[in-house]
>>> print(open('query26.csv').read())   # CSV, C-alpha atoms and all ligand atoms
chain,number,residue,atom,x,y,z
A,346,MET,CA,-4.5,-15.6,-13.6
A,347,ILE,CA,-6.0,-12.3,-14.7
A,348,GLU,CA,-4.2,-10.3,-17.4
A,349,VAL,CA,-5.1,-6.7,-18.2
A,350,ARG,CA,-3.3,-5.4,-21.2
A,351,GLY,CA,-3.4,-1.8,-22.5
A,352,LEU,CA,-6.9,-1.3,-21.3
A,353,THR,CA,-8.5,2.0,-22.1
A,354,MET,CA,-12.1,3.0,-21.3
A,355,ARG,CA,-13.9,6.3,-21.8
A,356,TYR,CA,-17.2,7.5,-20.5
A,357,GLY,CA,-17.9,10.5,-22.7
A,358,ARG,CA,-15.0,12.9,-21.9
A,359,THR,CA,-14.0,11.0,-18.8
A,360,LEU,CA,-11.0,8.7,-19.3
A,361,ALA,CA,-11.8,6.1,-16.7
A,362,VAL,CA,-9.1,3.7,-17.5
A,363,ASP,CA,-6.0,4.8,-19.4
A,364,ASP,CA,-3.7,2.2,-21.0
A,365,LEU,CA,-3.7,0.0,-18.0
A,366,THR,CA,-1.5,-3.1,-17.9
A,367,PHE,CA,-1.0,-5.6,-15.0
A,368,THR,CA,-1.2,-9.3,-14.2
A,369,VAL,CA,-2.8,-10.9,-11.2
A,370,LYS,CA,-1.0,-14.1,-10.3
A,371,PRO,CA,-2.2,-17.3,-8.6
A,372,GLY,CA,-1.4,-18.2,-5.0
A,373,LEU,CA,-1.4,-14.5,-3.9
A,374,VAL,CA,-3.9,-12.1,-2.6
A,375,THR,CA,-3.5,-9.0,-4.8
A,376,GLY,CA,-4.9,-5.7,-3.7
A,377,PHE,CA,-6.3,-3.4,-6.3
A,378,LEU,CA,-5.9,0.1,-4.8
A,379,GLY,CA,-6.8,3.6,-5.8
A,380,PRO,CA,-8.8,6.6,-4.6
A,381,ASN,CA,-12.4,7.0,-5.4
A,382,GLY,CA,-12.9,7.3,-9.1
A,383,ALA,CA,-9.5,5.8,-10.0
A,384,GLY,CA,-11.0,3.3,-12.3
A,385,LYS,CA,-11.0,0.1,-10.2
A,386,SER,CA,-14.7,-0.8,-10.7
A,387,THR,CA,-14.5,0.0,-14.4
A,388,THR,CA,-11.5,-2.3,-14.8
A,389,MET,CA,-13.3,-5.1,-13.0
A,390,ARG,CA,-16.4,-4.6,-15.1
A,391,ILE,CA,-14.3,-4.9,-18.2
A,392,VAL,CA,-12.7,-8.1,-16.8
A,393,LEU,CA,-16.2,-9.5,-16.3
A,394,GLY,CA,-17.2,-8.5,-19.9
A,395,LEU,CA,-19.8,-6.0,-18.6
A,396,GLU,CA,-18.1,-3.2,-20.5
A,397,VAL,CA,-16.3,-3.1,-23.8
A,398,PRO,CA,-13.0,-1.2,-23.6
A,399,ALA,CA,-12.0,1.3,-26.2
A,400,ALA,CA,-8.6,-0.4,-26.4
A,401,GLY,CA,-6.8,-3.3,-24.9
A,402,GLU,CA,-8.1,-6.6,-23.4
A,403,ALA,CA,-8.6,-8.4,-20.2
A,404,LEU,CA,-8.1,-12.2,-20.0
A,405,VAL,CA,-9.1,-14.7,-17.3
A,406,ASP,CA,-6.9,-17.8,-17.5
A,407,GLY,CA,-6.0,-16.8,-21.1
A,408,ARG,CA,-9.6,-16.2,-22.3
A,409,ALA,CA,-12.1,-13.3,-22.4
A,410,TYR,CA,-14.6,-13.9,-19.7
A,411,ALA,CA,-17.5,-13.2,-22.1
A,412,ALA,CA,-16.3,-16.0,-24.3
A,413,LEU,CA,-16.4,-18.6,-21.5
A,414,ARG,CA,-19.3,-21.1,-21.8
A,415,ARG,CA,-19.6,-21.7,-18.0
A,416,PRO,CA,-17.9,-18.6,-16.7
A,417,MET,CA,-18.6,-19.2,-13.0
A,418,LEU,CA,-16.4,-22.3,-13.1
A,419,THR,CA,-13.4,-20.2,-14.2
A,420,MET,CA,-13.9,-17.0,-12.2
A,421,GLY,CA,-16.1,-16.0,-9.3
A,422,ALA,CA,-16.8,-12.3,-8.8
A,423,LEU,CA,-18.5,-10.0,-6.4
A,424,LEU,CA,-19.1,-6.5,-7.7
A,425,ASP,CA,-22.1,-5.2,-5.8
A,426,ALA,CA,-23.4,-7.2,-2.9
A,427,GLY,CA,-26.7,-5.2,-3.0
A,428,ALA,CA,-27.5,-6.2,-6.6
A,429,VAL,CA,-29.6,-9.3,-5.7
A,430,HIS,CA,-33.3,-10.1,-5.8
A,431,GLY,CA,-34.5,-9.2,-2.3
A,432,GLY,CA,-37.6,-11.4,-2.5
A,433,ARG,CA,-35.6,-14.7,-2.9
A,434,THR,CA,-34.1,-16.7,-0.2
A,435,ALA,CA,-30.3,-17.1,-0.1
A,436,ARG,CA,-30.7,-20.8,-1.0
A,437,ALA,CA,-33.0,-20.0,-4.0
A,438,HIS,CA,-30.7,-17.3,-5.2
A,439,LEU,CA,-27.7,-19.6,-5.2
A,440,GLY,CA,-29.8,-22.4,-6.7
A,441,CYS,CA,-30.7,-20.2,-9.7
A,442,LEU,CA,-27.1,-19.3,-10.3
A,443,ALA,CA,-26.0,-23.0,-10.0
A,444,ARG,CA,-28.6,-24.2,-12.5
A,445,SER,CA,-27.8,-21.5,-15.0
A,446,ASN,CA,-24.1,-22.4,-14.9
A,447,GLY,CA,-24.6,-26.2,-14.8
A,448,ILE,CA,-23.2,-26.4,-11.3
A,449,ASP,CA,-24.1,-29.3,-9.1
A,450,LEU,CA,-26.8,-28.1,-6.6
A,451,ARG,CA,-24.9,-29.7,-3.8
A,452,ARG,CA,-22.5,-26.8,-4.1
A,453,VAL,CA,-25.2,-24.5,-2.8
A,454,ALA,CA,-25.2,-26.1,0.7
A,455,ALA,CA,-21.5,-26.3,0.6
A,456,VAL,CA,-20.9,-22.6,0.0
A,457,LEU,CA,-23.6,-21.5,2.4
A,458,GLY,CA,-21.7,-23.4,5.0
A,459,GLN,CA,-18.4,-22.0,3.9
A,460,VAL,CA,-19.6,-18.4,4.4
A,461,GLY,CA,-21.6,-19.1,7.6
A,462,LEU,CA,-25.1,-18.5,6.2
A,463,THR,CA,-26.5,-22.1,6.7
A,464,ASP,CA,-28.8,-20.9,9.5
A,465,VAL,CA,-30.4,-18.1,7.4
A,466,ALA,CA,-30.4,-20.0,4.1
A,467,ASP,CA,-34.2,-20.0,3.8
A,468,ARG,CA,-34.7,-16.3,4.8
A,469,ARG,CA,-35.4,-13.7,2.2
A,470,ILE,CA,-32.3,-11.7,1.1
A,471,GLY,CA,-34.3,-8.4,1.5
A,472,GLY,CA,-33.9,-8.7,5.3
A,473,PHE,CA,-30.2,-9.4,5.2
A,474,SER,CA,-27.7,-7.0,6.7
A,475,LEU,CA,-24.9,-5.6,4.6
A,476,GLY,CA,-22.5,-8.1,6.1
A,477,MET,CA,-24.8,-11.0,5.3
A,478,LYS,CA,-25.2,-9.8,1.7
A,479,GLN,CA,-21.5,-9.6,1.4
A,480,ARG,CA,-21.2,-13.2,2.6
A,481,LEU,CA,-23.9,-14.2,0.1
A,482,GLY,CA,-22.1,-12.5,-2.7
A,483,ILE,CA,-18.9,-14.3,-1.8
A,484,ALA,CA,-20.9,-17.6,-1.6
A,485,ALA,CA,-22.1,-16.9,-5.2
A,486,ALA,CA,-18.5,-16.3,-6.3
A,487,LEU,CA,-17.3,-19.5,-4.8
A,488,LEU,CA,-20.2,-21.6,-6.2
A,489,GLY,CA,-18.4,-22.8,-9.3
A,490,ASP,CA,-15.2,-23.6,-7.3
A,491,PRO,CA,-13.3,-21.3,-9.6
A,492,ALA,CA,-9.5,-20.8,-9.7
A,493,VAL,CA,-9.9,-17.1,-10.0
A,494,LEU,CA,-11.8,-14.7,-7.7
A,495,MET,CA,-12.4,-11.0,-7.9
A,496,PHE,CA,-14.1,-8.9,-5.3
A,497,ASP,CA,-14.9,-5.2,-5.5
A,498,GLU,CA,-14.6,-3.5,-2.1
A,499,PRO,CA,-15.6,-6.7,-0.2
A,500,LEU,CA,-14.6,-5.1,3.1
A,501,ASN,CA,-16.8,-2.0,2.7
A,502,GLY,CA,-19.2,-1.4,5.6
A,503,LEU,CA,-18.3,-4.6,7.5
A,504,ASP,CA,-17.7,-4.8,11.2
A,505,PRO,CA,-14.3,-5.9,12.5
A,506,GLU,CA,-15.4,-9.5,12.8
A,507,GLY,CA,-16.7,-9.5,9.2
A,508,ILE,CA,-13.5,-8.0,8.0
A,509,ARG,CA,-11.4,-10.5,9.8
A,510,TRP,CA,-13.5,-13.3,8.4
A,511,ILE,CA,-13.1,-12.1,4.8
A,512,ARG,CA,-9.4,-11.6,5.3
A,513,GLU,CA,-8.9,-15.2,6.5
A,514,LEU,CA,-11.1,-16.6,3.8
A,515,LEU,CA,-9.2,-14.7,1.0
A,516,ARG,CA,-5.9,-15.8,2.5
A,517,SER,CA,-7.0,-19.4,2.6
A,518,LEU,CA,-8.2,-19.2,-1.0
A,519,ALA,CA,-4.9,-17.9,-2.1
A,520,ALA,CA,-3.1,-20.6,-0.1
A,521,GLU,CA,-5.0,-23.1,-2.1
A,522,GLY,CA,-3.3,-21.7,-5.2
A,523,ARG,CA,-6.2,-19.5,-6.4
A,524,THR,CA,-5.9,-16.1,-8.0
A,525,VAL,CA,-7.5,-13.5,-5.7
A,526,LEU,CA,-8.0,-9.9,-6.6
A,527,LEU,CA,-9.8,-7.5,-4.2
A,528,SER,CA,-10.2,-3.8,-4.6
A,529,SER,CA,-10.2,-1.2,-1.9
A,530,HIS,CA,-9.6,2.5,-1.5
A,531,LEU,CA,-8.1,2.0,1.9
A,532,MET,CA,-4.5,1.0,2.1
A,533,ASN,CA,-4.7,-0.1,5.7
A,534,GLU,CA,-7.4,-2.6,4.9
A,535,LEU,CA,-5.2,-4.2,2.2
A,536,ALA,CA,-2.0,-4.0,4.2
A,537,ILE,CA,-2.9,-6.9,6.4
A,538,THR,CA,-4.7,-9.0,3.7
A,539,ALA,CA,-2.7,-8.5,0.4
A,540,ASP,CA,0.7,-9.9,-0.6
A,541,HIS,CA,0.9,-7.8,-3.7
A,542,VAL,CA,-0.6,-4.5,-4.6
A,543,VAL,CA,-1.6,-2.8,-7.9
A,544,VAL,CA,-2.1,0.9,-7.3
A,545,ILE,CA,-3.9,3.0,-9.9
A,546,GLY,CA,-4.8,6.7,-10.0
A,547,ARG,CA,-6.8,8.4,-12.7
A,548,GLY,CA,-7.0,5.1,-14.6
A,549,ARG,CA,-3.2,4.8,-14.8
A,550,LEU,CA,-0.9,2.4,-13.2
A,551,ILE,CA,1.1,3.9,-10.4
A,552,ALA,CA,2.6,0.9,-8.7
A,553,ASP,CA,2.6,-2.9,-9.2
A,554,THR,CA,4.7,-4.3,-6.4
A,555,THR,CA,4.7,-6.5,-3.3
A,556,MET,CA,3.3,-5.0,-0.1
A,557,ASP,CA,6.8,-5.5,1.5
A,558,ALA,CA,8.5,-3.6,-1.3
A,559,LEU,CA,6.0,-0.8,-1.0
A,560,ALA,CA,6.6,-0.5,2.7
A,561,ALA,CA,10.4,-0.6,2.2
A,562,ARG,CA,10.2,2.1,-0.5
A,563,PHE,CA,8.5,4.4,1.9
A,564,GLN,CA,11.0,3.8,4.7
A,565,ARG,CA,11.9,7.4,5.0
A,566,ASP,CA,15.1,7.9,6.8
A,567,VAL,CA,16.9,7.8,10.1
A,568,LEU,CA,17.0,11.0,12.1
A,569,VAL,CA,20.4,11.3,13.7
A,570,ARG,CA,21.6,13.9,16.2
A,571,ALA,CA,25.3,13.6,17.0
A,572,ALA,CA,28.0,15.5,18.8
A,573,HIS,CA,29.9,16.0,15.5
A,574,PRO,CA,27.2,15.9,12.8
A,575,GLU,CA,29.4,17.2,10.0
A,576,ARG,CA,32.1,14.6,10.7
A,577,LEU,CA,29.5,11.8,11.0
A,578,ALA,CA,27.9,13.0,7.8
A,579,GLN,CA,31.3,12.5,6.0
A,580,ILE,CA,31.7,9.0,7.4
A,581,LEU,CA,28.2,7.9,6.6
A,582,ARG,CA,28.6,9.2,3.0
A,583,ALA,CA,31.9,7.4,2.6
A,584,HIS,CA,30.0,4.2,3.5
A,585,GLY,CA,27.3,4.9,0.9
A,586,ALA,CA,24.6,6.6,2.8
A,587,THR,CA,22.8,9.7,1.6
A,588,VAL,CA,22.9,12.4,4.2
A,589,ALA,CA,21.1,15.7,4.3
A,590,ALA,CA,20.3,18.2,7.0
A,591,ALA,CA,16.9,17.2,8.5
A,592,THR,CA,14.3,19.8,7.6
A,593,ALA,CA,12.8,21.9,10.3
A,594,GLU,CA,9.5,19.9,10.1
A,595,GLN,CA,11.3,16.6,10.1
A,596,ALA,CA,13.1,17.3,13.3
A,597,ALA,CA,10.9,16.9,16.2
A,598,PRO,CA,11.5,19.7,18.8
A,599,PRO,CA,13.9,18.5,21.5
A,600,THR,CA,12.2,17.5,24.7
A,601,PRO,CA,13.0,20.1,27.3
A,602,GLY,CA,15.2,18.8,30.0
A,603,THR,CA,16.4,15.8,28.0
A,604,PRO,CA,20.0,15.0,28.9
A,605,GLY,CA,22.2,16.3,26.2
A,606,THR,CA,19.6,18.5,24.6
A,607,PRO,CA,21.3,19.9,21.5
A,608,GLY,CA,22.6,23.3,22.0
A,609,THR,CA,22.3,23.2,25.8
A,610,PRO,CA,25.1,21.1,27.1
A,611,GLY,CA,26.0,21.7,30.6
A,612,THR,CA,23.0,24.1,31.2
A,613,PRO,CA,22.0,23.7,34.8
A,614,GLY,CA,19.2,21.1,35.0
A,615,THR,CA,20.0,19.6,31.6
A,616,PRO,CA,23.2,17.7,32.1
A,617,GLY,CA,24.9,16.8,28.9
A,618,THR,CA,25.6,13.2,28.1
A,619,PRO,CA,29.2,12.7,29.3
A,620,GLY,CA,31.6,13.6,26.6
A,621,THR,CA,29.0,14.6,24.1
A,622,GLY,CA,28.6,18.3,24.8
A,623,SER,CA,27.3,19.9,21.7
A,624,PRO,CA,30.3,21.6,20.2
A,625,THR,CA,30.4,25.2,19.1
A,626,PRO,CA,31.8,25.6,15.6
A,627,GLU,CA,35.2,26.5,17.0
A,628,THR,CA,35.5,23.4,19.2
A,629,ALA,CA,34.2,21.1,16.5
A,630,THR,CA,36.7,22.2,13.9
A,631,GLY,CA,39.5,23.2,16.2
A,632,GLY,CA,39.3,20.5,18.8
A,633,ASP,CA,38.7,17.5,16.6
A,634,PRO,CA,42.0,16.3,15.0
A,635,SER,CA,40.2,14.2,12.4
A,636,VAL,CA,38.6,17.2,10.8
A,637,GLN,CA,41.4,19.7,11.2
A,638,GLY,CA,42.6,20.9,7.9
A,639,LEU,CA,39.5,19.9,5.9
A,640,PRO,CA,38.1,22.5,3.6
A,641,GLU,CA,35.2,24.4,5.0
A,642,HIS,CA,32.6,23.0,2.5
A,643,GLU,CA,33.4,19.5,3.8
A,644,LEU,CA,32.5,20.6,7.3
A,645,SER,CA,28.9,21.4,6.6
A,646,VAL,CA,25.9,19.7,5.3
A,647,GLN,CA,23.7,21.6,2.9
A,648,GLY,CA,25.4,24.8,4.0
A,649,LEU,CA,24.1,24.5,7.6
A,650,SER,CA,26.3,25.5,10.4
A,651,ILE,CA,27.4,22.9,12.8
A,652,LYS,CA,25.2,24.4,15.4
A,653,GLY,CA,22.3,24.2,13.0
A,654,LEU,CA,23.1,20.6,12.3
A,655,SER,CA,23.3,19.8,15.9
A,656,GLU,CA,19.9,21.3,16.5
A,657,ARG,CA,18.1,19.9,13.4
A,658,GLY,CA,20.0,16.7,13.1
A,659,LEU,CA,20.9,14.7,10.0
A,660,SER,CA,18.4,12.9,7.7
A,661,VAL,CA,20.2,9.6,6.7
A,662,ARG,CA,19.0,7.3,3.9
A,663,GLY,CA,20.4,4.2,2.6
A,664,MET,CA,21.6,2.9,5.9
A,665,ASP,CA,19.7,1.5,8.9
A,666,ALA,CA,20.0,2.7,12.5
A,667,ALA,CA,22.2,-0.2,13.5
A,668,GLY,CA,24.7,0.6,10.7
A,669,ILE,CA,24.8,4.3,11.7
A,670,GLY,CA,25.3,3.5,15.4
A,671,GLU,CA,28.1,1.1,14.5
A,672,LEU,CA,30.0,3.7,12.4
A,673,ALA,CA,29.5,6.4,15.0
A,674,LEU,CA,30.8,4.2,17.7
A,675,ARG,CA,33.9,3.3,15.7
A,676,ALA,CA,34.5,7.0,15.0
A,677,GLY,CA,34.0,7.8,18.7
A,678,ILE,CA,31.1,10.2,17.9
A,679,ALA,CA,28.4,10.2,20.6
A,680,LEU,CA,24.9,9.9,19.4
A,681,ARG,CA,22.0,11.8,21.0
A,682,GLU,CA,19.2,10.6,18.9
A,683,LEU,CA,18.8,7.8,16.4
A,684,THR,CA,15.3,7.5,15.1
A,685,PRO,CA,14.2,5.4,12.1
A,686,ARG,CA,11.3,7.1,10.4
A,687,SER,CA,8.9,5.5,7.9
A,688,ALA,CA,5.7,6.5,6.4
A,689,SER,CA,2.7,4.4,7.3
A,690,LEU,CA,1.3,2.5,4.3
A,691,GLU,CA,-1.7,4.8,4.3
A,692,GLU,CA,0.7,7.8,4.0
A,693,ALA,CA,2.6,5.9,1.3
A,694,PHE,CA,-0.7,5.4,-0.6
A,695,MET,CA,-1.6,9.1,-0.2
A,696,GLU,CA,1.8,10.1,-1.4
A,697,LEU,CA,1.6,7.9,-4.5
A,698,THR,CA,-1.9,8.8,-5.5
A,699,GLU,CA,-1.7,12.5,-4.6
A,700,ASP,CA,1.1,12.7,-7.2
A,701,SER,CA,-1.2,11.2,-9.8
A,702,VAL,CA,-4.0,13.5,-8.9
A,703,GLU,CA,-1.9,16.5,-8.9
A,704,TYR,CA,0.2,16.0,-12.0
A,705,GLY,CA,-1.9,13.5,-13.9
A,706,ALA,CA,0.1,10.7,-15.5
A,707,ARG,CA,3.4,9.9,-13.8
A,708,PRO,CA,6.4,9.6,-15.9
A,709,ALA,CA,7.2,6.1,-17.1
A,710,ALA,CA,10.5,6.1,-15.1
A,711,ALA,CA,8.6,6.6,-11.9
A,712,VAL,CA,6.2,3.8,-12.6
A,713,THR,CA,9.1,1.5,-13.4
A,714,GLU,CA,10.9,2.5,-10.2
A,715,VAL,CA,7.8,1.7,-8.1
A,716,ALA,CA,6.8,-1.3,-10.1
A,717,ARG,CA,10.2,-2.9,-9.8
A,801,LIG,N1,-21.3,4.5,-16.1
A,801,LIG,C1,-20.5,5.5,-16.0
A,801,LIG,N2,-20.8,6.7,-16.7
A,801,LIG,C2,-20.0,7.7,-16.7
A,801,LIG,N3,-18.9,7.8,-15.9
A,801,LIG,C3,-18.5,6.7,-15.2
A,801,LIG,C4,-19.3,5.5,-15.2
A,801,LIG,N4,-18.7,4.6,-14.4
A,801,LIG,C5,-17.6,5.2,-14.0
A,801,LIG,N5,-17.5,6.5,-14.4
A,801,LIG,C6,-16.4,7.4,-14.2
A,801,LIG,O1,-15.2,6.8,-14.4
A,801,LIG,C7,-14.2,7.0,-13.5
A,801,LIG,C8,-13.8,5.8,-12.8
A,801,LIG,O2,-14.8,5.3,-12.0
A,801,LIG,P1,-14.7,3.9,-11.2
A,801,LIG,O3,-16.1,3.6,-10.6
A,801,LIG,O4,-14.2,2.8,-12.1
A,801,LIG,O5,-13.7,4.2,-10.1
A,801,LIG,P2,-13.3,3.4,-8.8
A,801,LIG,O6,-11.9,3.4,-8.6
A,801,LIG,O7,-14.0,2.1,-8.8
A,801,LIG,O8,-14.0,4.4,-7.7
A,801,LIG,P3,-14.8,4.0,-6.3
A,801,LIG,O9,-13.7,3.6,-5.3
A,801,LIG,O10,-15.4,5.3,-6.0
A,801,LIG,O11,-15.8,2.9,-6.7
A,801,LIG,C9,-14.8,8.0,-12.5
A,801,LIG,O12,-14.5,9.3,-13.0
A,801,LIG,C10,-16.3,7.8,-12.7
A,801,LIG,O13,-17.0,9.0,-12.4
>>> encode(input="query26.csv", output="structure tokens", more="lines below")
Ligand SMILES: Nc1ncnc2c1ncn2[C@@H]1O[C@H](COP(=O)(O)OP(=O)(O)OP(=O)(O)O)[C@@H](O)[C@H]1O
Amino acid sequence: MIEVRGLTMRYGRTLAVDDLTFTVKPGLVTGFLGPNGAGKSTTMRIVLGLEVPAAGEALVDGRAYAALRRPMLTMGALLDAGAVHGGRTARAHLGCLARSNGIDLRRVAAVLGQVGLTDVADRRIGGFSLGMKQRLGIAAALLGDPAVLMFDEPLNGLDPEGIRWIRELLRSLAAEGRTVLLSSHLMNELAITADHVVVIGRGRLIADTTMDALAARFQRDVLVRAAHPERLAQILRAHGATVAAATAEQAAPPTPGTPGTPGTPGTPGTPGTPGTGSPTPETATGGDPSVQGLPEHELSVQGLSIKGLSERGLSVRGMDAAGIGELALRAGIALRELTPRSASLEEAFMELTEDSVEYGARPAAAVTEVAR
């Protein structure tokens, strides 16, 4: 387990890490995500005892890394794959590390095999590609067979095969019950690999949550176009959904010639869906017995006219497309469009971190909400 508590780090006037607290648990791959300069590397260097924080502490399995007598047996880390002596062979490099940590030299051959470098073990590291250096760095991290592993941007610059290999390795290490933390500034890279994600921006915690919860939080809404939008809005609200008029940008322009295109029922060449002709305000209020007699404000959504709603559609949150379809069917309201819309994880990340960049520290309530 890695515990980061109230960590603060300054470089001159730059506040690189700002009162950061999170825990990395065993048995999971945890992604450490943030835009460039967010403070990921600084945090990792503090965990490794390479920097002394202005406040707070970082513990590895309950102890400060710098206080460990044989640290590589507790935690393996890869911070900078390029920071190795290019004149040494891979085997000699790992042999040095093993000797200095009292690790059995037989582990050298074992980890070289584990990362697929056995065939090049006696070549000088200076001639290695970036991918080979990454593998060597990972071999070094695995040398002491530690329960905790921490990698800074291990996927950087790798080809798809290399990325897939690291992903599978990290997942298998977590499946063995180890604690695995990897940083990245790309959400899409982490989305497939990580179970849990800690997001930081400007050194502050933005989110500490499961990947699934993050995706669910950024499930945007369902865009609904219906024959009687105002009535459907009432019904959906009565069942707990939040309904708003879709904004102009949200509503994709209707495809020309689509049957039942809003606002053009019965136009030659665009046959309306039977029984779902877009109502004029008069027919919607006058012809529909279920809404007759209702006050005017209950027959609109955000002040939009029924025609406006028919064209833009409704943005529905808190209910999935199946639930909306079911309620519309029961009410006899024909649907013309029912589109679940969610942000990609990359968009979710941009949205989260853009806020932190734009406004600095997020209010504690927002962090709690995301971190839940
Ligand atoms: N040695 C240093 N001296 C001065 N400023 C530093 C130093 N190291 C980091 N910083 C600053 O601290 C902040 C956090 O940097 P850090 O490298 O930890 O971010 P990061 O999230 O790892 O970014 P990246 O993805 O670009 O590596 C940045 O503003 C950076 O410029």
>>> residues_near_ligand(input="query26.csv", ligand="ligand LIG 801 (chain A)", cutoff="6 Å", atoms="only C-alpha atoms and all ligand atoms", output="list of chain:residue names")
A:Tyr356, A:Ala361, A:Gly379, A:Pro380, A:Asn381, A:Gly382, A:Ala383, A:Gly384, A:Lys385, A:Ser386, A:Thr387, A:His530
>>> closest_residue(input="query26.csv", among="A:Gly548, A:Gly489, A:Gly401, A:Gly432", to="Arg452 in chain A", atoms="all atoms listed in the file")
A:Gly489
>>> closest_residue(input="query26.csv", among="A:Leu503, A:Ile651, A:Ala403, A:Leu697", to="Phe563 in chain A", atoms="only C-alpha atoms")
A:Leu697
>>> residues_around(input="query26.csv", residues="Arg480 in chain A", least_positions_apart="3", cutoff="8 Å", atoms="all atoms listed in the file", output="list in words")
Val460, Gly461, Leu462, Gly476, Met477, Ile483 and Ala484 of chain A
>>> atom_distance(input="query26.csv", atom1="CA of Leu475 in chain A", atom2="CA of Ile448 in chain A")
26.2 Å
>>> closest_residue(input="query26.csv", among="A:Asp490, A:Asp364, A:Asp467, A:Glu506", to="Met417 in chain A", atoms="only C-alpha atoms")
A:Asp490
>>> atom_distance(input="query26.csv", atom1="CA of Leu568 in chain A", atom2="CA of Ser660 in chain A")
5.0 Å
>>> residues_around(input="query26.csv", residues="Gly458 in chain A", least_positions_apart="5", cutoff="12 Å", atoms="all atoms listed in the file", output="number ranges by chain")
A: 435-436, 451-453, 463-466, 480-481, 483-484, 487-488
>>> closest_residue(input="query26.csv", among="A:Pro574, A:Gly376, A:Gly522, A:Gly351", to="Thr538 in chain A", atoms="all atoms listed in the file")
A:Gly376
>>> atom_distance(input="query26.csv", atom1="CA of Ala492 in chain A", atom2="CA of Gly431 in chain A")
28.5 Å
>>> closest_residue(input="query26.csv", among="A:Leu527, A:Leu659, A:Ala437, A:Ile511", to="Leu423 in chain A", atoms="only C-alpha atoms")
A:Leu527
>>> closest_residue(input="query26.csv", among="A:Asn533, A:Asn446, A:Ser517, A:Thr592", to="Thr419 in chain A", atoms="only C-alpha atoms")
A:Asn446
>>> decode(input="query26.csv", residues="range 513-526 of chain A", atoms="N, CA and C atoms", output="JSON list (two decimals), in the first residue's frame")
[["chain", "number", "residue", "atom", "x", "y", "z"],
["A", 513, "GLU", "N", -0.59, -5.87, -19.81],
["A", 513, "GLU", "CA", -0.85, -7.23, -19.32],
["A", 513, "GLU", "C", 0.01, -7.54, -18.11],
["A", 514, "LEU", "N", 1.25, -7.07, -18.16],
["A", 514, "LEU", "CA", 2.14, -7.31, -17.01],
["A", 514, "LEU", "C", 1.58, -6.63, -15.76],
["A", 515, "LEU", "N", 1.18, -5.36, -15.88],
["A", 515, "LEU", "CA", 0.66, -4.64, -14.71],
["A", 515, "LEU", "C", -0.59, -5.31, -14.16],
["A", 516, "ARG", "N", -1.44, -5.74, -15.06],
["A", 516, "ARG", "CA", -2.67, -6.39, -14.60],
["A", 516, "ARG", "C", -2.35, -7.70, -13.89],
["A", 517, "SER", "N", -1.37, -8.45, -14.40],
["A", 517, "SER", "CA", -1.05, -9.73, -13.75],
["A", 517, "SER", "C", -0.38, -9.47, -12.39],
["A", 518, "LEU", "N", 0.40, -8.40, -12.29],
["A", 518, "LEU", "CA", 1.03, -8.07, -11.00],
["A", 518, "LEU", "C", -0.03, -7.71, -9.97],
["A", 519, "ALA", "N", -1.03, -6.94, -10.41],
["A", 519, "ALA", "CA", -2.12, -6.58, -9.48],
["A", 519, "ALA", "C", -2.92, -7.82, -9.11],
["A", 520, "ALA", "N", -3.12, -8.70, -10.08],
["A", 520, "ALA", "CA", -3.90, -9.92, -9.81],
["A", 520, "ALA", "C", -3.19, -10.80, -8.77],
["A", 521, "GLU", "N", -1.87, -10.65, -8.67],
["A", 521, "GLU", "CA", -1.13, -11.39, -7.64],
["A", 521, "GLU", "C", -1.26, -10.73, -6.27],
["A", 522, "GLY", "N", -1.99, -9.61, -6.22],
["A", 522, "GLY", "CA", -2.22, -8.94, -4.94],
["A", 522, "GLY", "C", -1.25, -7.80, -4.67],
["A", 523, "ARG", "N", -0.47, -7.42, -5.69],
["A", 523, "ARG", "CA", 0.48, -6.33, -5.46],
["A", 523, "ARG", "C", -0.21, -4.97, -5.64],
["A", 524, "THR", "N", 0.43, -3.97, -5.08],
["A", 524, "THR", "CA", -0.03, -2.58, -5.25],
["A", 524, "THR", "C", 0.66, -2.03, -6.48],
["A", 525, "VAL", "N", -0.10, -1.55, -7.44],
["A", 525, "VAL", "CA", 0.51, -1.06, -8.69],
["A", 525, "VAL", "C", 0.03, 0.37, -8.96],
["A", 526, "LEU", "N", 0.96, 1.30, -9.03],
["A", 526, "LEU", "CA", 0.63, 2.70, -9.35],
["A", 526, "LEU", "C", 1.38, 3.08, -10.62]]
